[in-house]
Amino acid sequence: MKSNMDRRTFLKTSSIAAAAVAQAQAIPLVGESLLNDKKGSFSASHFGAFTANVRNSRFEGVNAFQEDDYPSSLVNALPARTYAEDRILYPCVREGYLKDGYKSDKSKRGKDKFVRVSWDKALELVANEIKRTHKEYGDDAIYGGSYGWYCVGSLNNPQALLGRMLHITGGYTSRTCTYSTHAIRQITPYITGTDESTAKPTAYPVLVKNSECIVFWGADVVNTNQIAWGVPDHKTYKYLKELKAEAKKRGIKFYIIDPVYNNTGIYFGAEHIKINPTTDVALMLGIAHYLYTNKLHDEKFLRKYTYGFKQFKEYLLGNTEDKVEKTPKWASKICGVDEDVIEMLAKEFSSKRTMLMGGWATQRAHHGEQPNWMLITLASMLGQIGLPGGGYSCSYHYSGGGVPMPAAATGNAQSEKSLNGSTGPKAEKGALSASPGLSGMGRKTKIDGPWKNNKVPVIPVSRIVECLENPGKEINFDGNVIKYPDIRMAYWAGGNPFHHHQDRNRMIKAYRKLETFVVQDAFWTATARMADIILPTTLEQERDDITKSHSNSYIFAMKQASKPYGEAKDDYDIFVELLKHFSDEHVHGYTEGRSKMDWIKYFYNQSFEKAKKSNVKMPTFEEFWEKGYCEFETPEVAKKFVRFEDFRKNPIVNRLGTPSGKIEIFSKKIASYNYDNCKGHPMWFEPMEWVGAEKADKYPLNLVSPHPKYRLHSQLNNTWLRHLEEVNGREPIWINTNDAKKRDIKNGDVVRIFNDRGQILGGAVVTDYIKEGAVRMQEGAWYDPSEAGEPGTLCRHGDVNVLIPDVGTSNLAQGNQATALVEIEKFKGEVPEIGIFKSPVIKGA
C-alpha cells in the first residue's frame, strides 16, 4: 500500500504540482506576497479530509488529514476542479426557453445557445414554473429525484435541500433506491431481513486472524475504498496490508472471480477465475451442486439456520420444471470456467474457513437480484456464517466496510459497552470512545404549514426514462403495482443523470417530453447542457458546512477556503431566495428561523447532547470549529465483531427480520408475487445480453463497466486526473490480446465501440488482464456528443452508458444494468476534438 516514498510527502509535492498546472496565473511574482498565504483551513470531501492551502483568496493545494495514513490521490484534484474551464459562472437560460418559456422547441435542448441572466430573473422563471406546473398538473408533476454523490456536507446537501423546497412549495415526485445498489437492496431484506449492500461485515482483525480463504467476487476493495458516501478515513488499507502480511505467514488463499484481473487481485496476487460476465449464478450453482452431491455441504447448518433449502435442492438437482441438473459441467458451458476448476473451488471453500466477499458489480445486470441471493445460499451450504473469518458479506468494498468503527448512538451499535466511554489508552487521556453520529438537513421541515399534507410519491430511480415515456403506465415493483405520474417539470440539483442513467440516446428523446428542465450545479456537465434554466452553485470548499467520517470516527468542520467563483451561490441560499417568490411563510418553513451557521451549530450540538447522555466527552462547538475535527475512540469490542455471531449462538432469541426468522433460501413472500423473472428461490435466468445470447453473433464482445480509479462516477473527470489514464484523450477500454488481434487493434489505438443503442470512442488497452470475449470500460466519462442534443450521434469521449440497456433487472427491484454486448473497430478518419470540458458560448457573457 505505502510506497518507499512517504505518502504525505507525495501528497504535498503533488498538490504543489497540481496547483502549478491549474493556477499558474495566480502565483504571485513578488516574493513578499507569499507571506499572505492562508494555510490550515480544514475541510472534507468524498475523497478524504484535508486542510486547504489558499493564496490570494484562491484555493491552490491540499494537505491530507494528519490522521489519514493512506490518503487518496483524488483529493489533489479539488483545486483544479474549483477553477475548471467548465465552471458555471452565472445564471443562464436556454435562448429558446427565454423567448417562449415552456412552449419552446424541446428538440433544441443541448443545441440552443444559452443567455446570461440575473439571479432575480432566473429564480423568477423557476418559481413561476413551479407554481404553473402545480396548478395545471398537480402535486406529482414535478420530478425532484436529484441523485448523485455530490456533497458530504450536512447542511448543503443539494438533494435534501431540493426535496425540502419542493415539499414546501406543493409536493413532488421523488425516487427510491440507488443506481449503485438497486437490486441488492431490494432482494436481500427478503433473505436475511436487512439490506446487505451496507450491512456491517465481520471486522478485518477477525479475518486477519481466522480466514484461510478469501474470495473477491465482483469486488475491488483496493480501488473503491478510496471514496465514501461520507468522508473516508482510509483505514481499510491498514487492514489490507495486515491481511497480506498474515497471508504470507499462514498461507491464506485469495481468489478473484471476475472477468477482469483488478487492482485487488493484483495486490493480493489472487488466483484469477476468469468468468463470463453476468454468469456468476451459474458458477455458484455448479459449486453448490458439487457440494451437495459430494456431501461437502453443512446439513446441520441448513436445517437449523435456513428456511427452504428443500425447494432449492429440487431445482439444483433438476427435479423441477426445467429438468436441468445444475452440474459443474452444465455451469462450465455457461460461465466459461473449466469443470475441474469449479470442483476445485467447491473443495477449497468447504475445506477452509472461507469468506465470500461479494461486491455490487454482479447485481448491476439483468436479473441482478439473483447473484446475491445465490451467494448467501452458497455461504449457507458451506455452513460458516457466524464463525470468525467465514461466511459472506456484500459491503467490504464500500466506505470502509470491515474496519472496526465506534458505535453510533443512533443505532446499529456494535455493543452497548462501546457507548460507555471508558475503554483503551486514549480514553484515559480524555479522548472520545464512541460516536453520537451527526444529523443533517431533512427533506421535510419541522414547521407546520399549508405544505403539511403535500404528497411525495416515489418511483424507482432507474425507471425515470420509462416514466417520462409512459405517463400512467402501471408496473410491478417489489410486490406492488405502481403507476407512473405525468412528469412535466424536472429539477436536478447536485447530480449528473446524463452520466448515471443508461441508454443515453433513448434518454435524450425522453427528456424532450419535459416542459421545463432546471439544473442547479457547478459545472457544464452533459446534464446542464440539456437544461432550460441553469443555476450556478458553490463547491464544498467555497462554503461552510459540517460532516462526519463514514466510519463515525470523526466529525469534521468544513470551512470556507475560497470565495465563490463567479456568481455561484450556496445551495441553501438559492432555495431561500427562490422561496421569497412564494411567501415569508415558505421561507420560514424552509429555514426554521436558522441561519446557515445556526444550522451547523445545531447539528453539532445535537451530537454533543447525545454524547453527553452516553458519558462521551466532546469539545464545545467553538473548540471544535477552531481545531477542525473531533475524534471518537474505537472500542476493542468492535475489533472482534463477527457478522451473525449472535444469530448462530441462538437463532431463536436472535432471529433475523424475515418471516421465518432464518436465512430464507426460499421466500414464500417473493413466490407469492408470481413474477416470471424472480421466483421463490435463487435461479439462473439467461440475461438479455451475454456471450451466449443470439445477439452475440452481431455484437460478440461482452462489455463490463466497473467503478473508475481516478474519479467518483463522473466527479473529477473535468480535472487533470483524467490524463493519468486516458488513451489519446479517450476513456480507456481494455480488450484481450486475442480479441484485439482479430480486429487488428493495437495498444493506443482510438476505437469505435458500438451496438444498436449507440456509438462511442475509446482508447484501446490491449491486455491479458481481461477474459477473452469481454471488454472493460469504466463508467463516469463525460458524455460528449459530436452533434449536441442529437440522438444517435457519436460520443467523442467515451460515455459507456450510451451502450448499456435501460431495462429493469426484474419485476422485484426494477434495477439498472451495467453490461452490454458490443463490437469494436479501429476508428477511421480524423479523430475529433473533445469539447465537453469547456463552457459553451453564452450570449451576454
# chains A, B, ... in the order shown; residues from 1 in each chain; ligands from 1
>>> select_by_dssp(residues="stretch 422-494 of chain A", states="strand (DSSP E or B)", output="list in words")
Leu432, Ser435, Val458, Ile459, Pro460, Glu474, Ile475, Asn476, Phe477, Asn480, Val481, Ile482, Lys483, Met489, Ala490, Tyr491, Trp492 and Ala493 of chain A
>>> write_last_selection(atoms="all heavy atoms", output="compact mmCIF listing (two decimals), in the first residue's frame")
# COMPACT_ATOMS: atom_id res chain seq x y z
N LEU A 432 -12.38 10.53 22.94
CA LEU A 432 -13.74 10.02 22.87
C LEU A 432 -13.74 8.54 22.55
O LEU A 432 -12.90 8.05 21.82
CB LEU A 432 -14.51 10.80 21.81
CG LEU A 432 -14.40 12.32 21.99
CD1 LEU A 432 -15.09 13.04 20.85
CD2 LEU A 432 -15.00 12.75 23.31
N SER A 435 -19.23 7.21 19.14
CA SER A 435 -19.68 8.31 18.30
C SER A 435 -21.17 8.55 18.44
O SER A 435 -21.96 7.60 18.40
CB SER A 435 -19.36 8.01 16.84
OG SER A 435 -19.95 8.97 15.99
N VAL A 458 -43.05 8.12 -4.96
CA VAL A 458 -41.72 7.76 -5.43
C VAL A 458 -41.81 6.76 -6.58
O VAL A 458 -42.77 5.99 -6.68
CB VAL A 458 -40.85 7.16 -4.31
CG1 VAL A 458 -40.61 8.17 -3.20
CG2 VAL A 458 -41.49 5.89 -3.74
N ILE A 459 -40.78 6.78 -7.42
CA ILE A 459 -40.61 5.78 -8.46
C ILE A 459 -39.18 5.24 -8.33
O ILE A 459 -38.31 5.92 -7.80
CB ILE A 459 -40.84 6.35 -9.87
CG1 ILE A 459 -39.84 7.47 -10.18
CG2 ILE A 459 -42.26 6.84 -10.04
CD1 ILE A 459 -39.86 7.94 -11.62
N PRO A 460 -38.91 4.03 -8.79
CA PRO A 460 -37.53 3.54 -8.78
C PRO A 460 -36.64 4.47 -9.58
O PRO A 460 -36.99 4.88 -10.69
CB PRO A 460 -37.65 2.16 -9.44
CG PRO A 460 -39.07 1.76 -9.27
CD PRO A 460 -39.86 3.03 -9.33
N GLU A 474 -48.71 1.30 -15.60
CA GLU A 474 -48.57 0.57 -14.35
C GLU A 474 -47.48 -0.48 -14.49
O GLU A 474 -47.41 -1.19 -15.50
CB GLU A 474 -49.89 -0.08 -13.94
CG GLU A 474 -50.97 0.92 -13.58
CD GLU A 474 -52.23 0.25 -13.07
OE1 GLU A 474 -52.42 -0.95 -13.35
OE2 GLU A 474 -53.04 0.93 -12.39
N ILE A 475 -46.61 -0.57 -13.47
CA ILE A 475 -45.55 -1.57 -13.47
C ILE A 475 -45.52 -2.30 -12.13
O ILE A 475 -45.96 -1.77 -11.11
CB ILE A 475 -44.16 -0.96 -13.75
CG1 ILE A 475 -43.73 -0.03 -12.59
CG2 ILE A 475 -44.12 -0.23 -15.08
CD1 ILE A 475 -42.25 0.31 -12.59
N ASN A 476 -45.00 -3.51 -12.15
CA ASN A 476 -44.76 -4.25 -10.91
C ASN A 476 -43.47 -3.78 -10.29
O ASN A 476 -42.47 -3.55 -10.98
CB ASN A 476 -44.66 -5.75 -11.22
CG ASN A 476 -45.98 -6.35 -11.62
OD1 ASN A 476 -46.97 -6.23 -10.91
ND2 ASN A 476 -46.02 -6.99 -12.79
N PHE A 477 -43.49 -3.65 -8.97
CA PHE A 477 -42.29 -3.24 -8.25
C PHE A 477 -42.38 -3.71 -6.80
O PHE A 477 -43.25 -3.27 -6.06
CB PHE A 477 -42.11 -1.72 -8.30
CG PHE A 477 -40.98 -1.20 -7.44
CD1 PHE A 477 -39.69 -1.67 -7.59
CD2 PHE A 477 -41.23 -0.23 -6.46
CE1 PHE A 477 -38.65 -1.20 -6.80
CE2 PHE A 477 -40.19 0.26 -5.67
CZ PHE A 477 -38.90 -0.23 -5.83
N ASN A 480 -45.70 -4.74 -5.36
CA ASN A 480 -46.78 -3.77 -5.53
C ASN A 480 -46.91 -3.38 -7.01
O ASN A 480 -46.04 -3.69 -7.82
CB ASN A 480 -46.49 -2.51 -4.71
CG ASN A 480 -46.42 -2.80 -3.22
OD1 ASN A 480 -47.37 -3.27 -2.62
ND2 ASN A 480 -45.26 -2.51 -2.63
N VAL A 481 -47.99 -2.72 -7.32
CA VAL A 481 -48.17 -2.13 -8.64
C VAL A 481 -48.14 -0.62 -8.47
O VAL A 481 -48.88 -0.07 -7.65
CB VAL A 481 -49.51 -2.57 -9.27
CG1 VAL A 481 -49.73 -1.84 -10.59
CG2 VAL A 481 -49.54 -4.08 -9.49
N ILE A 482 -47.22 0.02 -9.19
CA ILE A 482 -47.17 1.49 -9.12
C ILE A 482 -47.50 2.07 -10.48
O ILE A 482 -47.30 1.43 -11.52
CB ILE A 482 -45.77 1.98 -8.66
CG1 ILE A 482 -44.68 1.58 -9.65
CG2 ILE A 482 -45.45 1.46 -7.27
CD1 ILE A 482 -43.34 2.22 -9.35
N LYS A 483 -48.02 3.28 -10.44
CA LYS A 483 -48.45 3.97 -11.66
C LYS A 483 -47.55 5.17 -11.89
O LYS A 483 -47.34 5.99 -10.99
CB LYS A 483 -49.90 4.42 -11.52
CG LYS A 483 -50.49 5.04 -12.76
CD LYS A 483 -51.98 5.37 -12.53
CE LYS A 483 -52.61 5.98 -13.77
NZ LYS A 483 -54.05 6.27 -13.56
N MET A 489 -42.19 18.72 -15.31
CA MET A 489 -41.04 19.56 -14.96
C MET A 489 -40.07 18.72 -14.14
O MET A 489 -40.49 17.91 -13.30
CB MET A 489 -41.49 20.78 -14.15
CG MET A 489 -40.36 21.67 -13.67
SD MET A 489 -40.99 23.05 -12.65
CE MET A 489 -39.46 23.93 -12.28
N ALA A 490 -38.78 18.88 -14.40
CA ALA A 490 -37.76 18.20 -13.60
C ALA A 490 -36.79 19.24 -13.06
O ALA A 490 -36.41 20.18 -13.76
CB ALA A 490 -37.02 17.16 -14.43
N TYR A 491 -36.40 19.05 -11.80
CA TYR A 491 -35.45 19.96 -11.15
C TYR A 491 -34.34 19.08 -10.60
O TYR A 491 -34.57 18.22 -9.76
CB TYR A 491 -36.16 20.71 -10.02
CG TYR A 491 -35.44 21.94 -9.48
CD1 TYR A 491 -36.17 23.10 -9.20
CD2 TYR A 491 -34.07 21.95 -9.22
CE1 TYR A 491 -35.54 24.24 -8.69
CE2 TYR A 491 -33.44 23.08 -8.73
CZ TYR A 491 -34.18 24.22 -8.45
OH TYR A 491 -33.55 25.34 -7.94
N TRP A 492 -33.12 19.30 -11.08
CA TRP A 492 -31.98 18.47 -10.68
C TRP A 492 -30.95 19.33 -9.98
O TRP A 492 -30.50 20.34 -10.54
CB TRP A 492 -31.36 17.79 -11.89
CG TRP A 492 -30.80 16.44 -11.56
CD1 TRP A 492 -29.58 16.18 -11.04
CD2 TRP A 492 -31.46 15.18 -11.68
NE1 TRP A 492 -29.41 14.83 -10.83
CE2 TRP A 492 -30.56 14.20 -11.22
CE3 TRP A 492 -32.71 14.79 -12.14
CZ2 TRP A 492 -30.87 12.84 -11.21
CZ3 TRP A 492 -33.03 13.44 -12.13
CH2 TRP A 492 -32.12 12.48 -11.66
N ALA A 493 -30.57 18.95 -8.78
CA ALA A 493 -29.57 19.70 -8.02
C ALA A 493 -28.47 18.76 -7.56
O ALA A 493 -28.73 17.80 -6.84
CB ALA A 493 -30.22 20.39 -6.81
>>> residues_around(residues="A:Ser104", least_positions_apart="6", cutoff="10 Å", atoms="only C-alpha atoms", output="list in words")
Arg94, Glu95, Gly96, Tyr97, Leu98, Glu515, Thr516 and Asp532 of chain A
>>> write_last_selection(atoms="N, CA, C and O atoms", output="CSV table (one decimal), in the first residue's frame")
chain,number,residue,atom,x,y,z
A,94,ARG,N,-31.7,28.8,-21.5
A,94,ARG,CA,-31.7,28.5,-23.0
A,94,ARG,C,-32.4,29.5,-23.8
A,94,ARG,O,-33.5,30.0,-23.4
A,95,GLU,N,-31.8,29.9,-24.9
A,95,GLU,CA,-32.3,31.0,-25.7
A,95,GLU,C,-33.8,30.8,-26.1
A,95,GLU,O,-34.6,31.7,-25.9
A,96,GLY,N,-34.1,29.7,-26.6
A,96,GLY,CA,-35.5,29.4,-27.0
A,96,GLY,C,-36.5,29.4,-25.8
A,96,GLY,O,-37.6,29.9,-25.9
A,97,TYR,N,-36.0,28.9,-24.7
A,97,TYR,CA,-36.8,28.9,-23.5
A,97,TYR,C,-37.1,30.4,-23.0
A,97,TYR,O,-38.1,30.7,-22.5
A,98,LEU,N,-36.0,31.2,-23.0
A,98,LEU,CA,-36.2,32.6,-22.6
A,98,LEU,C,-37.2,33.3,-23.4
A,98,LEU,O,-37.9,34.2,-22.9
A,515,GLU,N,-41.6,19.8,-20.1
A,515,GLU,CA,-41.9,21.2,-20.4
A,515,GLU,C,-40.8,22.2,-19.9
A,515,GLU,O,-40.5,23.2,-20.6
A,516,THR,N,-40.2,21.8,-18.8
A,516,THR,CA,-39.2,22.6,-18.2
A,516,THR,C,-38.2,21.7,-17.5
A,516,THR,O,-38.6,20.8,-16.7
A,532,ASP,N,-33.0,23.9,-19.4
A,532,ASP,CA,-33.6,25.2,-19.8
A,532,ASP,C,-33.1,26.3,-19.0
A,532,ASP,O,-32.9,27.4,-19.5
>>> closest_residue(among="A:Lys103, A:Lys601, A:Arg353, A:Lys310", to="A:Ile385", atoms="only C-alpha atoms")
A:Arg353
>>> select_by_dssp(residues="stretch 425-481 of chain A", states="alpha helix (DSSP H)", output="PyMOL selection string")
chain A and resi 425-428+464-469
>>> closest_residue(among="A:Ser839, A:Ser351, A:Thr236, A:Ser73", to="A:Lys113", atoms="only C-alpha atoms")
A:Ser839
>>> residues_around(residues="A:Val222", least_positions_apart="5", cutoff="12 Å", atoms="only C-alpha atoms", output="JSON, numbers by chain")
{"A": [1, 70, 72, 216, 227, 234, 235, 236, 237, 238, 239, 240, 241, 262, 263, 264, 265, 266, 267, 268, 396, 397, 398, 399, 400, 401, 707, 708, 709]}
>>> closest_residue(among="A:Thr173, A:Thr793, A:Thr194, A:Ser45", to="A:Gln226", atoms="only C-alpha atoms")
A:Ser45
>>> closest_residue(among="A:Val637, A:Leu539, A:Leu291, A:Ala510", to="A:Pro404", atoms="only C-alpha atoms")
A:Val637
>>> closest_residue(among="A:Lys326, A:Arg506, A:Arg757, A:Lys248", to="A:Val208", atoms="only C-alpha atoms")
A:Lys248
>>> atom_distance(atom1="atom CA of A:Tyr629", atom2="atom CA of A:Glu540")
16.3 Å
>>> residues_around(residues="A:Ile257", least_positions_apart="6", cutoff="8 Å", atoms="only C-alpha atoms", output="VMD selection string")
chain A and resid 215 to 218 272 to 275
>>> write_last_selection(atoms="C-alpha atoms", output="PDB file, in the first residue's frame")
ATOM      1  CA  VAL A 215     -12.882 -14.729  -2.416  1.00  0.00           C
ATOM      2  CA  PHE A 216     -13.283 -11.341  -4.090  1.00  0.00           C
ATOM      3  CA  TRP A 217     -16.447 -11.942  -6.100  1.00  0.00           C
ATOM      4  CA  GLY A 218     -17.160  -8.960  -8.327  1.00  0.00           C
ATOM      5  CA  HIS A 272      -7.944 -15.261 -11.240  1.00  0.00           C
ATOM      6  CA  ILE A 273     -11.084 -17.199 -12.083  1.00  0.00           C
ATOM      7  CA  LYS A 274     -11.991 -15.688 -15.456  1.00  0.00           C
ATOM      8  CA  ILE A 275     -15.761 -15.830 -15.613  1.00  0.00           C
TER       9      ILE A 275
END
>>> residues_around(residues="A:Asp571", least_positions_apart="6", cutoff="10 Å", atoms="only C-alpha atoms", output="tab-separated table (two decimals) with N, CA and C atoms, in the first residue's frame")
chain	number	residue	atom	x	y	z
A	155	LEU	N	-25.33	20.32	5.82
A	155	LEU	CA	-26.21	21.45	5.52
A	155	LEU	C	-26.47	21.56	4.02
A	156	ASN	N	-25.41	21.71	3.23
A	156	ASN	CA	-25.56	21.96	1.80
A	156	ASN	C	-25.62	20.65	1.01
A	157	ASN	N	-26.48	19.77	1.44
A	157	ASN	CA	-26.77	18.56	0.67
A	157	ASN	C	-27.84	18.93	-0.35
A	158	PRO	N	-27.48	19.11	-1.62
A	158	PRO	CA	-28.43	19.66	-2.58
A	158	PRO	C	-29.68	18.81	-2.77
A	159	GLN	N	-29.54	17.50	-2.65
A	159	GLN	CA	-30.71	16.65	-2.86
A	159	GLN	C	-31.72	16.81	-1.73
A	161	LEU	N	-31.96	19.43	0.26
A	161	LEU	CA	-32.49	20.79	0.21
A	161	LEU	C	-33.52	20.96	-0.90
A	162	LEU	N	-33.27	20.33	-2.04
A	162	LEU	CA	-34.23	20.38	-3.14
A	162	LEU	C	-35.55	19.74	-2.71
A	493	ALA	N	-30.57	18.95	-8.78
A	493	ALA	CA	-29.57	19.70	-8.02
A	493	ALA	C	-28.47	18.76	-7.56
A	494	GLY	N	-27.24	19.04	-7.98
A	494	GLY	CA	-26.10	18.27	-7.50
A	494	GLY	C	-26.02	16.86	-8.02
A	520	GLN	N	-29.29	22.74	-11.28
A	520	GLN	CA	-28.55	23.53	-10.29
A	520	GLN	C	-27.24	22.80	-10.04
A	521	ASP	N	-26.13	23.37	-10.53
A	521	ASP	CA	-24.86	22.65	-10.49
A	521	ASP	C	-23.72	23.64	-10.61
A	535	LEU	N	-28.69	27.20	-12.74
A	535	LEU	CA	-28.39	27.97	-11.52
A	535	LEU	C	-27.02	27.51	-11.00
A	536	PRO	N	-26.02	28.41	-10.97
A	536	PRO	CA	-24.66	28.02	-10.58
A	536	PRO	C	-24.48	27.92	-9.07
A	537	THR	N	-23.83	26.85	-8.63
A	537	THR	CA	-23.64	26.62	-7.20
A	537	THR	C	-22.17	26.67	-6.81
A	538	THR	N	-21.97	26.90	-5.53
A	538	THR	CA	-20.62	26.82	-4.97
A	538	THR	C	-20.20	25.36	-4.82
A	539	LEU	N	-18.91	25.17	-4.67
A	539	LEU	CA	-18.36	23.86	-4.32
A	539	LEU	C	-18.15	23.79	-2.81
A	543	ARG	N	-17.70	27.21	0.82
A	543	ARG	CA	-18.77	27.49	1.79
A	543	ARG	C	-18.48	26.77	3.10
>>> closest_residue(among="A:Lys452, A:Phe114, A:Tyr769, A:His367", to="A:Ile256", atoms="only C-alpha atoms")
A:Tyr769
>>> decode(residues="stretch 115-201 of chain A", atoms="C-alpha atoms", output="JSON list (two decimals), in the first residue's frame")
[["chain", "number", "residue", "atom", "x", "y", "z"],
["A", 115, "VAL", "CA", -28.19, 33.55, -22.41],
["A", 116, "ARG", "CA", -26.78, 35.06, -19.24],
["A", 117, "VAL", "CA", -29.47, 36.41, -16.91],
["A", 118, "SER", "CA", -29.61, 37.90, -13.43],
["A", 119, "TRP", "CA", -30.27, 35.79, -10.38],
["A", 120, "ASP", "CA", -33.60, 37.56, -9.92],
["A", 121, "LYS", "CA", -34.70, 36.71, -13.44],
["A", 122, "ALA", "CA", -33.61, 33.07, -13.22],
["A", 123, "LEU", "CA", -35.32, 32.48, -9.87],
["A", 124, "GLU", "CA", -38.47, 34.24, -11.04],
["A", 125, "LEU", "CA", -38.65, 31.87, -14.03],
["A", 126, "VAL", "CA", -38.16, 28.82, -11.80],
["A", 127, "ALA", "CA", -40.72, 29.95, -9.20],
["A", 128, "ASN", "CA", -43.33, 30.72, -11.85],
["A", 129, "GLU", "CA", -42.85, 27.30, -13.43],
["A", 130, "ILE", "CA", -43.22, 25.51, -10.10],
["A", 131, "LYS", "CA", -46.47, 27.41, -9.48],
["A", 132, "ARG", "CA", -47.80, 26.83, -13.00],
["A", 133, "THR", "CA", -46.96, 23.13, -13.04],
["A", 134, "HIS", "CA", -48.67, 22.51, -9.71],
["A", 135, "LYS", "CA", -51.73, 24.47, -10.77],
["A", 136, "GLU", "CA", -52.13, 22.78, -14.14],
["A", 137, "TYR", "CA", -50.97, 19.23, -13.44],
["A", 138, "GLY", "CA", -50.96, 18.60, -9.66],
["A", 139, "ASP", "CA", -48.58, 17.54, -6.89],
["A", 140, "ASP", "CA", -46.72, 14.75, -8.67],
["A", 141, "ALA", "CA", -45.95, 16.57, -11.95],
["A", 142, "ILE", "CA", -42.56, 17.85, -10.78],
["A", 143, "TYR", "CA", -39.70, 15.36, -10.57],
["A", 144, "GLY", "CA", -37.23, 16.19, -7.81],
["A", 145, "GLY", "CA", -35.40, 12.88, -7.85],
["A", 146, "SER", "CA", -31.99, 14.51, -7.82],
["A", 147, "TYR", "CA", -29.39, 11.81, -7.32],
["A", 148, "GLY", "CA", -25.62, 11.58, -7.07],
["A", 149, "TRP", "CA", -22.65, 11.60, -4.70],
["A", 150, "TYR", "CA", -22.26, 15.35, -4.86],
["A", 151, "CYS", "CA", -21.69, 16.77, -1.38],
["A", 152, "VAL", "CA", -20.67, 15.39, 2.02],
["A", 153, "GLY", "CA", -21.99, 18.41, 3.94],
["A", 154, "SER", "CA", -24.84, 18.01, 6.41],
["A", 155, "LEU", "CA", -26.21, 21.45, 5.52],
["A", 156, "ASN", "CA", -25.56, 21.96, 1.80],
["A", 157, "ASN", "CA", -26.77, 18.56, 0.67],
["A", 158, "PRO", "CA", -28.43, 19.66, -2.58],
["A", 159, "GLN", "CA", -30.71, 16.65, -2.86],
["A", 160, "ALA", "CA", -32.11, 17.04, 0.64],
["A", 161, "LEU", "CA", -32.49, 20.79, 0.21],
["A", 162, "LEU", "CA", -34.23, 20.38, -3.14],
["A", 163, "GLY", "CA", -36.69, 17.91, -1.65],
["A", 164, "ARG", "CA", -37.30, 20.25, 1.27],
["A", 165, "MET", "CA", -38.06, 23.18, -1.04],
["A", 166, "LEU", "CA", -40.32, 21.18, -3.38],
["A", 167, "HIS", "CA", -42.24, 19.65, -0.49],
["A", 168, "ILE", "CA", -42.93, 23.11, 0.91],
["A", 169, "THR", "CA", -43.99, 24.53, -2.47],
["A", 170, "GLY", "CA", -46.56, 21.88, -3.30],
["A", 171, "GLY", "CA", -45.18, 18.36, -3.33],
["A", 172, "TYR", "CA", -43.27, 16.45, -5.98],
["A", 173, "THR", "CA", -42.33, 13.02, -7.27],
["A", 174, "SER", "CA", -39.15, 11.64, -5.77],
["A", 175, "ARG", "CA", -37.15, 8.45, -6.28],
["A", 176, "THR", "CA", -36.37, 5.34, -4.30],
["A", 177, "CYS", "CA", -33.33, 3.02, -4.45],
["A", 178, "THR", "CA", -29.95, 3.88, -5.95],
["A", 179, "TYR", "CA", -28.12, 3.17, -9.19],
["A", 180, "SER", "CA", -25.35, 1.64, -7.08],
["A", 181, "THR", "CA", -27.40, -0.91, -5.13],
["A", 182, "HIS", "CA", -30.83, -1.14, -6.77],
["A", 183, "ALA", "CA", -31.19, -4.92, -6.98],
["A", 184, "ILE", "CA", -29.30, -5.96, -3.85],
["A", 185, "ARG", "CA", -31.11, -3.61, -1.50],
["A", 186, "GLN", "CA", -34.50, -4.81, -2.77],
["A", 187, "ILE", "CA", -33.83, -8.55, -2.66],
["A", 188, "THR", "CA", -31.70, -9.10, 0.46],
["A", 189, "PRO", "CA", -34.21, -7.90, 3.09],
["A", 190, "TYR", "CA", -36.34, -10.87, 1.98],
["A", 191, "ILE", "CA", -33.40, -13.23, 2.52],
["A", 192, "THR", "CA", -31.73, -12.04, 5.74],
["A", 193, "GLY", "CA", -34.02, -9.26, 6.95],
["A", 194, "THR", "CA", -31.56, -6.48, 6.16],
["A", 195, "ASP", "CA", -30.08, -4.53, 3.26],
["A", 196, "GLU", "CA", -26.85, -6.44, 2.64],
["A", 197, "SER", "CA", -25.36, -3.68, 0.49],
["A", 198, "THR", "CA", -24.47, -1.69, 3.61],
["A", 199, "ALA", "CA", -24.76, -4.27, 6.40],
["A", 200, "LYS", "CA", -21.74, -4.26, 8.71],
["A", 201, "PRO", "CA", -19.43, -7.19, 7.90]]
